file data.txt (compact mmCIF, N, CA and C atoms and all ligand atoms)
# COMPACT_ATOMS: atom_id res chain seq x y z
N MET A 3 -11.43 22.41 187.69
CA MET A 3 -11.44 23.46 188.71
C MET A 3 -11.44 24.83 188.05
N THR A 4 -12.25 25.70 188.61
CA THR A 4 -12.32 27.06 188.05
C THR A 4 -11.09 27.85 188.46
N LEU A 5 -10.54 28.57 187.52
CA LEU A 5 -9.34 29.36 187.81
C LEU A 5 -9.66 30.58 188.68
N ILE A 6 -10.59 31.39 188.21
CA ILE A 6 -10.94 32.60 188.97
C ILE A 6 -12.37 32.47 189.47
N LYS A 7 -12.52 32.52 190.76
CA LYS A 7 -13.87 32.51 191.32
C LYS A 7 -14.30 33.95 191.50
N TRP A 8 -15.52 34.27 191.07
CA TRP A 8 -16.00 35.64 191.24
C TRP A 8 -16.34 35.83 192.70
N THR A 9 -15.63 36.73 193.35
CA THR A 9 -15.90 36.98 194.76
C THR A 9 -16.36 38.43 194.91
N ASP A 10 -16.98 38.72 196.02
CA ASP A 10 -17.60 40.04 196.19
C ASP A 10 -16.58 41.18 196.09
N ASP A 11 -15.33 40.90 196.47
CA ASP A 11 -14.34 41.99 196.40
C ASP A 11 -14.00 42.39 194.96
N LEU A 12 -14.54 41.64 193.98
CA LEU A 12 -14.34 42.04 192.58
C LEU A 12 -15.46 42.96 192.09
N ASN A 13 -16.52 43.07 192.87
CA ASN A 13 -17.62 43.96 192.48
C ASN A 13 -17.26 45.41 192.77
N LEU A 14 -17.41 46.24 191.74
CA LEU A 14 -17.18 47.67 191.95
C LEU A 14 -18.51 48.40 192.19
N ASN A 15 -19.60 47.67 192.03
CA ASN A 15 -20.94 48.24 192.19
C ASN A 15 -21.26 49.31 191.16
N ILE A 16 -20.71 49.12 189.98
CA ILE A 16 -21.13 49.87 188.80
C ILE A 16 -21.49 48.78 187.80
N ARG A 17 -22.79 48.59 187.59
CA ARG A 17 -23.23 47.38 186.91
C ARG A 17 -22.64 47.19 185.52
N SER A 18 -22.58 48.27 184.74
CA SER A 18 -22.09 48.13 183.37
C SER A 18 -20.64 47.63 183.36
N ILE A 19 -19.86 48.08 184.33
CA ILE A 19 -18.45 47.66 184.39
C ILE A 19 -18.32 46.27 185.01
N ASP A 20 -19.07 46.01 186.06
CA ASP A 20 -19.03 44.67 186.66
C ASP A 20 -19.40 43.59 185.63
N ASP A 21 -20.39 43.90 184.79
CA ASP A 21 -20.79 42.92 183.76
C ASP A 21 -19.63 42.62 182.82
N GLN A 22 -18.89 43.66 182.43
CA GLN A 22 -17.75 43.43 181.53
C GLN A 22 -16.65 42.66 182.26
N HIS A 23 -16.41 42.98 183.52
CA HIS A 23 -15.39 42.24 184.28
C HIS A 23 -15.77 40.77 184.43
N ARG A 24 -17.05 40.52 184.66
CA ARG A 24 -17.51 39.12 184.77
C ARG A 24 -17.28 38.39 183.47
N LYS A 25 -17.53 39.07 182.38
CA LYS A 25 -17.34 38.42 181.08
C LYS A 25 -15.85 38.11 180.87
N LEU A 26 -14.97 39.04 181.24
CA LEU A 26 -13.53 38.78 181.12
C LEU A 26 -13.11 37.59 181.98
N VAL A 27 -13.62 37.54 183.20
CA VAL A 27 -13.31 36.42 184.09
C VAL A 27 -13.77 35.11 183.45
N SER A 28 -14.96 35.11 182.88
CA SER A 28 -15.44 33.85 182.32
C SER A 28 -14.65 33.47 181.06
N MET A 29 -14.19 34.47 180.31
CA MET A 29 -13.36 34.15 179.14
C MET A 29 -12.02 33.56 179.55
N ILE A 30 -11.42 34.10 180.60
CA ILE A 30 -10.14 33.56 181.09
C ILE A 30 -10.35 32.14 181.64
N ASN A 31 -11.45 31.94 182.36
CA ASN A 31 -11.74 30.60 182.88
C ASN A 31 -11.93 29.58 181.76
N ASN A 32 -12.60 30.02 180.71
CA ASN A 32 -12.85 29.14 179.58
C ASN A 32 -11.53 28.79 178.87
N PHE A 33 -10.70 29.80 178.69
CA PHE A 33 -9.37 29.59 178.10
C PHE A 33 -8.57 28.58 178.93
N TYR A 34 -8.59 28.77 180.23
CA TYR A 34 -7.88 27.88 181.15
C TYR A 34 -8.38 26.44 181.02
N MET A 35 -9.71 26.30 180.97
CA MET A 35 -10.29 24.96 180.85
C MET A 35 -9.84 24.27 179.57
N HIS A 36 -9.83 25.03 178.47
CA HIS A 36 -9.42 24.42 177.19
C HIS A 36 -7.92 24.12 177.14
N LEU A 37 -7.11 24.92 177.83
CA LEU A 37 -5.69 24.59 177.92
C LEU A 37 -5.51 23.28 178.67
N GLN A 38 -6.23 23.16 179.76
CA GLN A 38 -6.13 21.94 180.57
C GLN A 38 -6.58 20.71 179.81
N GLN A 39 -7.62 20.91 179.01
CA GLN A 39 -8.15 19.78 178.23
C GLN A 39 -7.34 19.53 176.96
N LYS A 40 -6.32 20.34 176.77
CA LYS A 40 -5.49 20.26 175.57
C LYS A 40 -6.35 20.28 174.31
N SER A 41 -7.24 21.24 174.27
CA SER A 41 -8.10 21.40 173.09
C SER A 41 -7.25 21.79 171.89
N ASN A 42 -7.83 21.69 170.71
CA ASN A 42 -7.01 21.91 169.52
C ASN A 42 -6.55 23.36 169.38
N LYS A 43 -5.49 23.49 168.60
CA LYS A 43 -4.77 24.75 168.46
C LYS A 43 -5.67 25.87 167.91
N GLU A 44 -6.53 25.50 166.96
CA GLU A 44 -7.41 26.51 166.36
C GLU A 44 -8.31 27.13 167.43
N LEU A 45 -8.87 26.26 168.25
CA LEU A 45 -9.78 26.75 169.29
C LEU A 45 -9.02 27.62 170.30
N ILE A 46 -7.87 27.16 170.75
CA ILE A 46 -7.08 27.94 171.72
C ILE A 46 -6.72 29.30 171.11
N GLY A 47 -6.33 29.27 169.84
CA GLY A 47 -5.98 30.52 169.15
C GLY A 47 -7.16 31.47 169.10
N LYS A 48 -8.33 30.93 168.85
CA LYS A 48 -9.53 31.77 168.79
C LYS A 48 -9.86 32.36 170.16
N LEU A 49 -9.66 31.56 171.20
CA LEU A 49 -9.96 32.06 172.55
C LEU A 49 -9.00 33.19 172.93
N ILE A 50 -7.74 33.09 172.52
CA ILE A 50 -6.77 34.16 172.80
C ILE A 50 -7.21 35.43 172.05
N ARG A 51 -7.58 35.24 170.79
CA ARG A 51 -8.01 36.39 169.98
C ARG A 51 -9.24 37.05 170.59
N ASP A 52 -10.21 36.23 170.97
CA ASP A 52 -11.44 36.78 171.56
C ASP A 52 -11.16 37.53 172.86
N MET A 53 -10.26 36.98 173.68
CA MET A 53 -9.91 37.64 174.95
C MET A 53 -9.29 39.00 174.67
N LYS A 54 -8.39 39.00 173.69
CA LYS A 54 -7.71 40.27 173.37
C LYS A 54 -8.71 41.29 172.86
N GLU A 55 -9.60 40.85 172.00
CA GLU A 55 -10.60 41.77 171.45
C GLU A 55 -11.52 42.33 172.52
N TYR A 56 -12.00 41.44 173.37
CA TYR A 56 -12.95 41.91 174.38
C TYR A 56 -12.26 42.80 175.42
N THR A 57 -11.01 42.48 175.71
CA THR A 57 -10.23 43.33 176.62
C THR A 57 -10.11 44.74 176.05
N THR A 58 -9.85 44.81 174.76
CA THR A 58 -9.71 46.11 174.10
C THR A 58 -11.02 46.91 174.18
N VAL A 59 -12.13 46.21 173.97
CA VAL A 59 -13.44 46.86 174.06
C VAL A 59 -13.67 47.39 175.48
N HIS A 60 -13.38 46.55 176.46
CA HIS A 60 -13.60 46.95 177.85
C HIS A 60 -12.72 48.14 178.24
N PHE A 61 -11.45 48.08 177.87
CA PHE A 61 -10.54 49.18 178.20
C PHE A 61 -11.01 50.48 177.53
N ALA A 62 -11.43 50.37 176.29
CA ALA A 62 -11.90 51.57 175.58
C ALA A 62 -13.12 52.16 176.28
N ASP A 63 -14.02 51.31 176.75
CA ASP A 63 -15.21 51.81 177.46
C ASP A 63 -14.82 52.52 178.75
N GLU A 64 -13.89 51.93 179.51
CA GLU A 64 -13.44 52.60 180.74
C GLU A 64 -12.79 53.94 180.40
N GLU A 65 -11.95 53.93 179.39
CA GLU A 65 -11.19 55.15 179.06
C GLU A 65 -12.10 56.27 178.55
N LYS A 66 -13.20 55.91 177.88
CA LYS A 66 -14.17 56.92 177.46
C LYS A 66 -14.75 57.62 178.68
N LEU A 67 -15.02 56.82 179.71
CA LEU A 67 -15.56 57.39 180.95
C LEU A 67 -14.52 58.29 181.63
N PHE A 68 -13.26 57.88 181.58
CA PHE A 68 -12.19 58.71 182.18
C PHE A 68 -12.16 60.08 181.50
N ASP A 69 -12.23 60.02 180.16
CA ASP A 69 -12.14 61.27 179.40
C ASP A 69 -13.38 62.13 179.64
N ARG A 70 -14.52 61.49 179.69
CA ARG A 70 -15.76 62.25 179.86
C ARG A 70 -15.82 62.93 181.22
N TYR A 71 -15.32 62.25 182.25
CA TYR A 71 -15.48 62.79 183.60
C TYR A 71 -14.17 63.29 184.22
N GLY A 72 -13.11 63.34 183.43
CA GLY A 72 -11.87 63.92 183.91
C GLY A 72 -11.23 63.16 185.07
N PHE A 73 -11.06 61.86 184.90
CA PHE A 73 -10.44 61.05 185.95
C PHE A 73 -8.96 61.44 186.09
N HIS A 74 -8.55 61.79 187.32
CA HIS A 74 -7.20 62.35 187.48
C HIS A 74 -6.08 61.33 187.28
N GLU A 75 -6.39 60.05 187.38
CA GLU A 75 -5.33 59.05 187.16
C GLU A 75 -5.42 58.41 185.78
N SER A 76 -6.10 59.10 184.90
CA SER A 76 -6.35 58.55 183.56
C SER A 76 -5.09 58.10 182.82
N ALA A 77 -4.08 58.95 182.79
CA ALA A 77 -2.87 58.63 182.00
C ALA A 77 -2.19 57.36 182.50
N ALA A 78 -2.01 57.26 183.81
CA ALA A 78 -1.35 56.08 184.38
C ALA A 78 -2.20 54.83 184.17
N HIS A 79 -3.51 55.00 184.27
CA HIS A 79 -4.42 53.86 184.11
C HIS A 79 -4.40 53.36 182.65
N LYS A 80 -4.42 54.32 181.72
CA LYS A 80 -4.37 53.94 180.29
C LYS A 80 -3.08 53.21 179.97
N LYS A 81 -2.01 53.62 180.61
CA LYS A 81 -0.71 52.97 180.40
C LYS A 81 -0.77 51.51 180.87
N LYS A 82 -1.42 51.29 181.99
CA LYS A 82 -1.58 49.90 182.49
C LYS A 82 -2.36 49.06 181.48
N HIS A 83 -3.43 49.65 180.95
CA HIS A 83 -4.22 48.93 179.94
C HIS A 83 -3.34 48.59 178.74
N GLN A 84 -2.58 49.57 178.27
CA GLN A 84 -1.75 49.35 177.08
C GLN A 84 -0.70 48.26 177.33
N ASP A 85 -0.10 48.29 178.50
CA ASP A 85 0.90 47.27 178.84
C ASP A 85 0.29 45.87 178.81
N PHE A 86 -0.95 45.78 179.27
CA PHE A 86 -1.60 44.48 179.28
C PHE A 86 -1.90 44.01 177.86
N VAL A 87 -2.42 44.92 177.04
CA VAL A 87 -2.70 44.56 175.64
C VAL A 87 -1.41 44.13 174.94
N ASP A 88 -0.31 44.83 175.21
CA ASP A 88 0.99 44.45 174.63
C ASP A 88 1.37 43.03 175.05
N LYS A 89 1.14 42.74 176.29
CA LYS A 89 1.50 41.43 176.82
C LYS A 89 0.66 40.32 176.16
N VAL A 90 -0.62 40.59 176.01
CA VAL A 90 -1.49 39.59 175.40
C VAL A 90 -1.16 39.44 173.90
N THR A 91 -0.79 40.55 173.27
CA THR A 91 -0.39 40.49 171.86
C THR A 91 0.87 39.64 171.72
N ASP A 92 1.78 39.80 172.64
CA ASP A 92 3.01 39.01 172.65
C ASP A 92 2.70 37.52 172.83
N LEU A 93 1.79 37.26 173.74
CA LEU A 93 1.36 35.88 173.97
C LEU A 93 0.76 35.28 172.69
N GLU A 94 -0.07 36.09 172.03
CA GLU A 94 -0.71 35.65 170.79
C GLU A 94 0.34 35.35 169.71
N ASP A 95 1.33 36.24 169.60
CA ASP A 95 2.40 36.04 168.62
C ASP A 95 3.16 34.75 168.88
N ARG A 96 3.51 34.56 170.14
CA ARG A 96 4.26 33.35 170.50
C ARG A 96 3.43 32.11 170.18
N PHE A 97 2.15 32.19 170.50
CA PHE A 97 1.29 31.04 170.23
C PHE A 97 1.20 30.77 168.73
N ASN A 98 1.02 31.83 167.95
CA ASN A 98 0.87 31.66 166.50
C ASN A 98 2.14 31.13 165.85
N LYS A 99 3.28 31.40 166.47
CA LYS A 99 4.55 30.88 165.94
C LYS A 99 4.80 29.44 166.40
N GLY A 100 3.86 28.92 167.15
CA GLY A 100 3.96 27.53 167.57
C GLY A 100 4.90 27.29 168.73
N LYS A 101 5.27 28.38 169.40
CA LYS A 101 6.15 28.20 170.56
C LYS A 101 5.35 27.63 171.73
N LEU A 102 5.99 26.77 172.43
CA LEU A 102 5.32 26.14 173.56
C LEU A 102 5.14 27.15 174.69
N ILE A 103 3.94 27.21 175.17
CA ILE A 103 3.65 28.14 176.26
C ILE A 103 3.22 27.33 177.47
N LEU A 104 3.83 27.64 178.59
CA LEU A 104 3.43 26.95 179.81
C LEU A 104 2.09 27.51 180.26
N SER A 105 1.08 26.69 180.29
CA SER A 105 -0.26 27.19 180.57
C SER A 105 -0.34 27.81 181.97
N ILE A 106 0.40 27.25 182.89
CA ILE A 106 0.33 27.75 184.27
C ILE A 106 0.88 29.19 184.34
N GLU A 107 1.89 29.44 183.55
CA GLU A 107 2.50 30.77 183.53
C GLU A 107 1.51 31.80 182.98
N ILE A 108 0.88 31.48 181.88
CA ILE A 108 -0.07 32.41 181.26
C ILE A 108 -1.31 32.61 182.12
N THR A 109 -1.88 31.50 182.54
CA THR A 109 -3.14 31.64 183.25
C THR A 109 -2.93 32.34 184.60
N ASN A 110 -1.81 32.08 185.24
CA ASN A 110 -1.53 32.80 186.49
C ASN A 110 -1.36 34.29 186.24
N PHE A 111 -0.69 34.60 185.14
CA PHE A 111 -0.51 36.01 184.79
C PHE A 111 -1.87 36.68 184.56
N LEU A 112 -2.72 36.04 183.74
CA LEU A 112 -4.03 36.63 183.43
C LEU A 112 -4.87 36.80 184.69
N LYS A 113 -4.87 35.76 185.50
CA LYS A 113 -5.65 35.79 186.74
C LYS A 113 -5.18 36.91 187.66
N THR A 114 -3.86 36.94 187.91
CA THR A 114 -3.32 37.92 188.84
C THR A 114 -3.51 39.33 188.30
N TRP A 115 -3.21 39.49 187.02
CA TRP A 115 -3.33 40.85 186.46
C TRP A 115 -4.75 41.35 186.59
N LEU A 116 -5.72 40.57 186.13
CA LEU A 116 -7.10 41.06 186.11
C LEU A 116 -7.64 41.33 187.52
N THR A 117 -7.44 40.37 188.43
CA THR A 117 -8.01 40.57 189.76
C THR A 117 -7.33 41.73 190.50
N GLU A 118 -6.02 41.84 190.35
CA GLU A 118 -5.31 42.95 191.01
C GLU A 118 -5.69 44.29 190.37
N HIS A 119 -5.88 44.28 189.06
CA HIS A 119 -6.23 45.52 188.36
C HIS A 119 -7.62 46.01 188.79
N ILE A 120 -8.56 45.07 188.89
CA ILE A 120 -9.92 45.45 189.29
C ILE A 120 -9.90 46.00 190.72
N LYS A 121 -9.23 45.28 191.61
CA LYS A 121 -9.25 45.68 193.03
C LYS A 121 -8.38 46.89 193.30
N GLY A 122 -7.40 47.13 192.43
CA GLY A 122 -6.50 48.26 192.64
C GLY A 122 -6.88 49.44 191.75
N ALA A 123 -6.37 49.43 190.52
CA ALA A 123 -6.57 50.58 189.62
C ALA A 123 -8.05 50.89 189.37
N ASP A 124 -8.83 49.86 189.03
CA ASP A 124 -10.25 50.13 188.71
C ASP A 124 -11.01 50.66 189.93
N ALA A 125 -10.72 50.11 191.08
CA ALA A 125 -11.41 50.58 192.29
C ALA A 125 -11.20 52.09 192.49
N GLY A 126 -10.09 52.60 191.93
CA GLY A 126 -9.76 54.01 192.09
C GLY A 126 -10.69 54.98 191.37
N TYR A 127 -11.47 54.51 190.40
CA TYR A 127 -12.37 55.43 189.69
C TYR A 127 -13.83 55.33 190.16
N VAL A 128 -14.10 54.40 191.08
CA VAL A 128 -15.49 54.13 191.45
C VAL A 128 -16.19 55.37 192.04
N LYS A 129 -15.53 56.01 192.98
CA LYS A 129 -16.17 57.18 193.63
C LYS A 129 -16.54 58.24 192.60
N LEU A 130 -15.59 58.53 191.72
CA LEU A 130 -15.83 59.57 190.72
C LEU A 130 -17.01 59.18 189.83
N LEU A 131 -16.97 57.96 189.28
CA LEU A 131 -18.02 57.56 188.34
C LEU A 131 -19.39 57.48 189.03
N GLN A 132 -19.39 56.98 190.25
CA GLN A 132 -20.68 56.93 190.97
C GLN A 132 -21.20 58.33 191.23
N SER A 133 -20.30 59.25 191.52
CA SER A 133 -20.75 60.62 191.79
C SER A 133 -21.30 61.28 190.52
N LYS A 134 -20.94 60.72 189.35
CA LYS A 134 -21.46 61.24 188.08
C LYS A 134 -22.69 60.46 187.62
N GLY A 135 -23.11 59.52 188.45
CA GLY A 135 -24.33 58.77 188.13
C GLY A 135 -24.15 57.63 187.15
N VAL A 136 -22.90 57.18 186.95
CA VAL A 136 -22.67 56.03 186.07
C VAL A 136 -23.14 54.76 186.80
N ILE A 137 -23.98 53.99 186.12
CA ILE A 137 -24.47 52.77 186.79
C ILE A 137 -24.17 51.53 185.95
FE FE B 1 -11.64 47.14 184.18
FE FE B 2 -8.95 49.42 184.07
call {"tool": "encode", "arguments": {"input": "data.txt", "output": "structure tokens", "more": "lines below"}}
Ligand SMILES: [Fe+2]
Ligand SMILES: [Fe+2]
result
Amino acid sequence: MTLIKWTDDLNLNIRSIDDQHRKLVSMINNFYMHLQQKSNKELIGKLIRDMKEYTTVHFADEEKLFDRYGFHESAAHKKKHQDFVDKVTDLEDRFNKGKLILSIEITNFLKTWLTEHIKGADAGYVKLLQSKGVI
């Protein structure tokens, strides 16, 4: 079963950003699938690393746009991004130390965080970016 289904309410109608969000969703779904299949530790570790890396790239791209166009909620939004990266880094550390992680806890966190963030915080910059012609 797929963890996160891409639904229309996740579309911000800014193609460059929607594409990155879709990629994040598919990475989380893939991670979830491998946890369920109890895939080997090396692979799970790599998927966590890849998710963290791609998340960092995506956040940096959004933040560049905030800086370029003077998004008024930039500071609070960047803080949310940083908190998430900290959380994923913590997850990675725990995993690398061989601590048992409840997959349901992690995957629910990733799912809820990403979908709520897109529909909440990210939705808040759409008008501004569209008015600047970002597509
Ligand atoms: Fe985003
Ligand atoms: Fe964001």
call {"tool": "residues_near_ligand", "arguments": {"input": "data.txt", "ligand": "ligand FE 1 (chain B)", "cutoff": "6.5 Å", "atoms": "only N, CA and C atoms and all ligand atoms", "output": "list in words"}}
result
His23, His60, Phe61, His119, Ile120 and Asp124 of chain A
call {"tool": "atom_distance", "arguments": {"input": "data.txt", "atom1": "atom N of A:Asp92", "atom2": "atom C of A:Ile50"}}
result
10.0 Å
call {"tool": "closest_atom_pairs", "arguments": {"input": "data.txt", "of": "chain A", "to": "ligand FE 2 (chain B)", "cutoff": "12 Å", "atoms": "only C-alpha atoms and all ligand atoms", "output": "CSV"}}
result
residue,atom,partner,partner_atom,distance
A:Leu14,CA,B:FE2,FE,11.5
A:Ile19,CA,B:FE2,FE,9.7
A:Asp20,CA,B:FE2,FE,11.4
A:Gln22,CA,B:FE2,FE,10.9
A:His23,CA,B:FE2,FE,9.6
A:Leu26,CA,B:FE2,FE,12.0
A:Thr57,CA,B:FE2,FE,9.7
A:Thr58,CA,B:FE2,FE,10.5
A:Val59,CA,B:FE2,FE,11.3
A:His60,CA,B:FE2,FE,8.1
A:Phe61,CA,B:FE2,FE,6.1
A:Ala62,CA,B:FE2,FE,9.2
A:Asp63,CA,B:FE2,FE,9.4
A:Glu64,CA,B:FE2,FE,6.4
A:Glu65,CA,B:FE2,FE,7.9
A:Lys66,CA,B:FE2,FE,11.3
A:Leu67,CA,B:FE2,FE,10.8
A:Phe68,CA,B:FE2,FE,10.0
A:Phe73,CA,B:FE2,FE,11.9
A:Glu75,CA,B:FE2,FE,10.7
A:Ser76,CA,B:FE2,FE,9.5
A:Ala77,CA,B:FE2,FE,11.2
A:Ala78,CA,B:FE2,FE,10.1
A:His79,CA,B:FE2,FE,6.3
A:Lys80,CA,B:FE2,FE,7.5
A:Lys81,CA,B:FE2,FE,9.7
A:Lys82,CA,B:FE2,FE,7.6
A:His83,CA,B:FE2,FE,6.3
A:Gln84,CA,B:FE2,FE,10.0
A:Asp85,CA,B:FE2,FE,11.4
A:Phe86,CA,B:FE2,FE,10.1
A:Val87,CA,B:FE2,FE,11.6
A:Trp115,CA,B:FE2,FE,10.5
A:Leu116,CA,B:FE2,FE,8.8
A:Thr117,CA,B:FE2,FE,10.6
A:Glu118,CA,B:FE2,FE,10.2
A:His119,CA,B:FE2,FE,6.4
A:Ile120,CA,B:FE2,FE,6.6
A:Lys121,CA,B:FE2,FE,9.7
A:Gly122,CA,B:FE2,FE,9.0
A:Ala123,CA,B:FE2,FE,6.1
A:Asp124,CA,B:FE2,FE,4.9
A:Ala125,CA,B:FE2,FE,8.7
A:Gly126,CA,B:FE2,FE,9.3
A:Tyr127,CA,B:FE2,FE,8.9
A:Val128,CA,B:FE2,FE,10.9
call {"tool": "write_last_selection", "arguments": {"input": "data.txt", "atoms": "N, CA and C atoms", "output": "compact mmCIF listing (two decimals), in the frame of the given file"}}
result
# COMPACT_ATOMS: atom_id res chain seq x y z
N LEU A 14 -17.41 46.24 191.74
CA LEU A 14 -17.18 47.67 191.95
C LEU A 14 -18.51 48.40 192.19
N ILE A 19 -19.86 48.08 184.33
CA ILE A 19 -18.45 47.66 184.39
C ILE A 19 -18.32 46.27 185.01
N ASP A 20 -19.07 46.01 186.06
CA ASP A 20 -19.03 44.67 186.66
C ASP A 20 -19.40 43.59 185.63
N GLN A 22 -18.89 43.66 182.43
CA GLN A 22 -17.75 43.43 181.53
C GLN A 22 -16.65 42.66 182.26
N HIS A 23 -16.41 42.98 183.52
CA HIS A 23 -15.39 42.24 184.28
C HIS A 23 -15.77 40.77 184.43
N LEU A 26 -14.97 39.04 181.24
CA LEU A 26 -13.53 38.78 181.12
C LEU A 26 -13.11 37.59 181.98
N THR A 57 -11.01 42.48 175.71
CA THR A 57 -10.23 43.33 176.62
C THR A 57 -10.11 44.74 176.05
N THR A 58 -9.85 44.81 174.76
CA THR A 58 -9.71 46.11 174.10
C THR A 58 -11.02 46.91 174.18
N VAL A 59 -12.13 46.21 173.97
CA VAL A 59 -13.44 46.86 174.06
C VAL A 59 -13.67 47.39 175.48
N HIS A 60 -13.38 46.55 176.46
CA HIS A 60 -13.60 46.95 177.85
C HIS A 60 -12.72 48.14 178.24
N PHE A 61 -11.45 48.08 177.87
CA PHE A 61 -10.54 49.18 178.20
C PHE A 61 -11.01 50.48 177.53
N ALA A 62 -11.43 50.37 176.29
CA ALA A 62 -11.90 51.57 175.58
C ALA A 62 -13.12 52.16 176.28
N ASP A 63 -14.02 51.31 176.75
CA ASP A 63 -15.21 51.81 177.46
C ASP A 63 -14.82 52.52 178.75
N GLU A 64 -13.89 51.93 179.51
CA GLU A 64 -13.44 52.60 180.74
C GLU A 64 -12.79 53.94 180.40
N GLU A 65 -11.95 53.93 179.39
CA GLU A 65 -11.19 55.15 179.06
C GLU A 65 -12.10 56.27 178.55
N LYS A 66 -13.20 55.91 177.88
CA LYS A 66 -14.17 56.92 177.46
C LYS A 66 -14.75 57.62 178.68
N LEU A 67 -15.02 56.82 179.71
CA LEU A 67 -15.56 57.39 180.95
C LEU A 67 -14.52 58.29 181.63
N PHE A 68 -13.26 57.88 181.58
CA PHE A 68 -12.19 58.71 182.18
C PHE A 68 -12.16 60.08 181.50
N PHE A 73 -11.06 61.86 184.90
CA PHE A 73 -10.44 61.05 185.95
C PHE A 73 -8.96 61.44 186.09
N GLU A 75 -6.39 60.05 187.38
CA GLU A 75 -5.33 59.05 187.16
C GLU A 75 -5.42 58.41 185.78
N SER A 76 -6.10 59.10 184.90
CA SER A 76 -6.35 58.55 183.56
C SER A 76 -5.09 58.10 182.82
N ALA A 77 -4.08 58.95 182.79
CA ALA A 77 -2.87 58.63 182.00
C ALA A 77 -2.19 57.36 182.50
N ALA A 78 -2.01 57.26 183.81
CA ALA A 78 -1.35 56.08 184.38
C ALA A 78 -2.20 54.83 184.17
N HIS A 79 -3.51 55.00 184.27
CA HIS A 79 -4.42 53.86 184.11
C HIS A 79 -4.40 53.36 182.65
N LYS A 80 -4.42 54.32 181.72
CA LYS A 80 -4.37 53.94 180.29
C LYS A 80 -3.08 53.21 179.97
N LYS A 81 -2.01 53.62 180.61
CA LYS A 81 -0.71 52.97 180.40
C LYS A 81 -0.77 51.51 180.87
N LYS A 82 -1.42 51.29 181.99
CA LYS A 82 -1.58 49.90 182.49
C LYS A 82 -2.36 49.06 181.48
N HIS A 83 -3.43 49.65 180.95
CA HIS A 83 -4.22 48.93 179.94
C HIS A 83 -3.34 48.59 178.74
N GLN A 84 -2.58 49.57 178.27
CA GLN A 84 -1.75 49.35 177.08
C GLN A 84 -0.70 48.26 177.33
N ASP A 85 -0.10 48.29 178.50
CA ASP A 85 0.90 47.27 178.84
C ASP A 85 0.29 45.87 178.81
N PHE A 86 -0.95 45.78 179.27
CA PHE A 86 -1.60 44.48 179.28
C PHE A 86 -1.90 44.01 177.86
N VAL A 87 -2.42 44.92 177.04
CA VAL A 87 -2.70 44.56 175.64
C VAL A 87 -1.41 44.13 174.94
N TRP A 115 -3.21 39.49 187.02
CA TRP A 115 -3.33 40.85 186.46
C TRP A 115 -4.75 41.35 186.59
N LEU A 116 -5.72 40.57 186.13
CA LEU A 116 -7.10 41.06 186.11
C LEU A 116 -7.64 41.33 187.52
N THR A 117 -7.44 40.37 188.43
CA THR A 117 -8.01 40.57 189.76
C THR A 117 -7.33 41.73 190.50
N GLU A 118 -6.02 41.84 190.35
CA GLU A 118 -5.31 42.95 191.01
C GLU A 118 -5.69 44.29 190.37
N HIS A 119 -5.88 44.28 189.06
CA HIS A 119 -6.23 45.52 188.36
C HIS A 119 -7.62 46.01 188.79
N ILE A 120 -8.56 45.07 188.89
CA ILE A 120 -9.92 45.45 189.29
C ILE A 120 -9.90 46.00 190.72
N LYS A 121 -9.23 45.28 191.61
CA LYS A 121 -9.25 45.68 193.03
C LYS A 121 -8.38 46.89 193.30
N GLY A 122 -7.40 47.13 192.43
CA GLY A 122 -6.50 48.26 192.64
C GLY A 122 -6.88 49.44 191.75
N ALA A 123 -6.37 49.43 190.52
CA ALA A 123 -6.57 50.58 189.62
C ALA A 123 -8.05 50.89 189.37
N ASP A 124 -8.83 49.86 189.03
CA ASP A 124 -10.25 50.13 188.71
C ASP A 124 -11.01 50.66 189.93
N ALA A 125 -10.72 50.11 191.08
CA ALA A 125 -11.41 50.58 192.29
C ALA A 125 -11.20 52.09 192.49
N GLY A 126 -10.09 52.60 191.93
CA GLY A 126 -9.76 54.01 192.09
C GLY A 126 -10.69 54.98 191.37
N TYR A 127 -11.47 54.51 190.40
CA TYR A 127 -12.37 55.43 189.69
C TYR A 127 -13.83 55.33 190.16
N VAL A 128 -14.10 54.40 191.08
CA VAL A 128 -15.49 54.13 191.45
C VAL A 128 -16.19 55.37 192.04
call {"tool": "closest_residue", "arguments": {"input": "data.txt", "among": "A:Lys43, A:His74, A:Asn15, A:Asn31", "to": "A:Gln132", "atoms": "all atoms listed in the file"}}
result
A:Asn15
call {"tool": "closest_residue", "arguments": {"input": "data.txt", "among": "A:Arg70, A:Lys89, A:Lys7, A:Lys54", "to": "A:Leu131", "atoms": "only C-alpha atoms"}}
result
A:Arg70
call {"tool": "atom_distance", "arguments": {"input": "data.txt", "atom1": "atom CA of A:Lys134", "atom2": "atom CA of A:Glu55"}}
result
27.8 Å
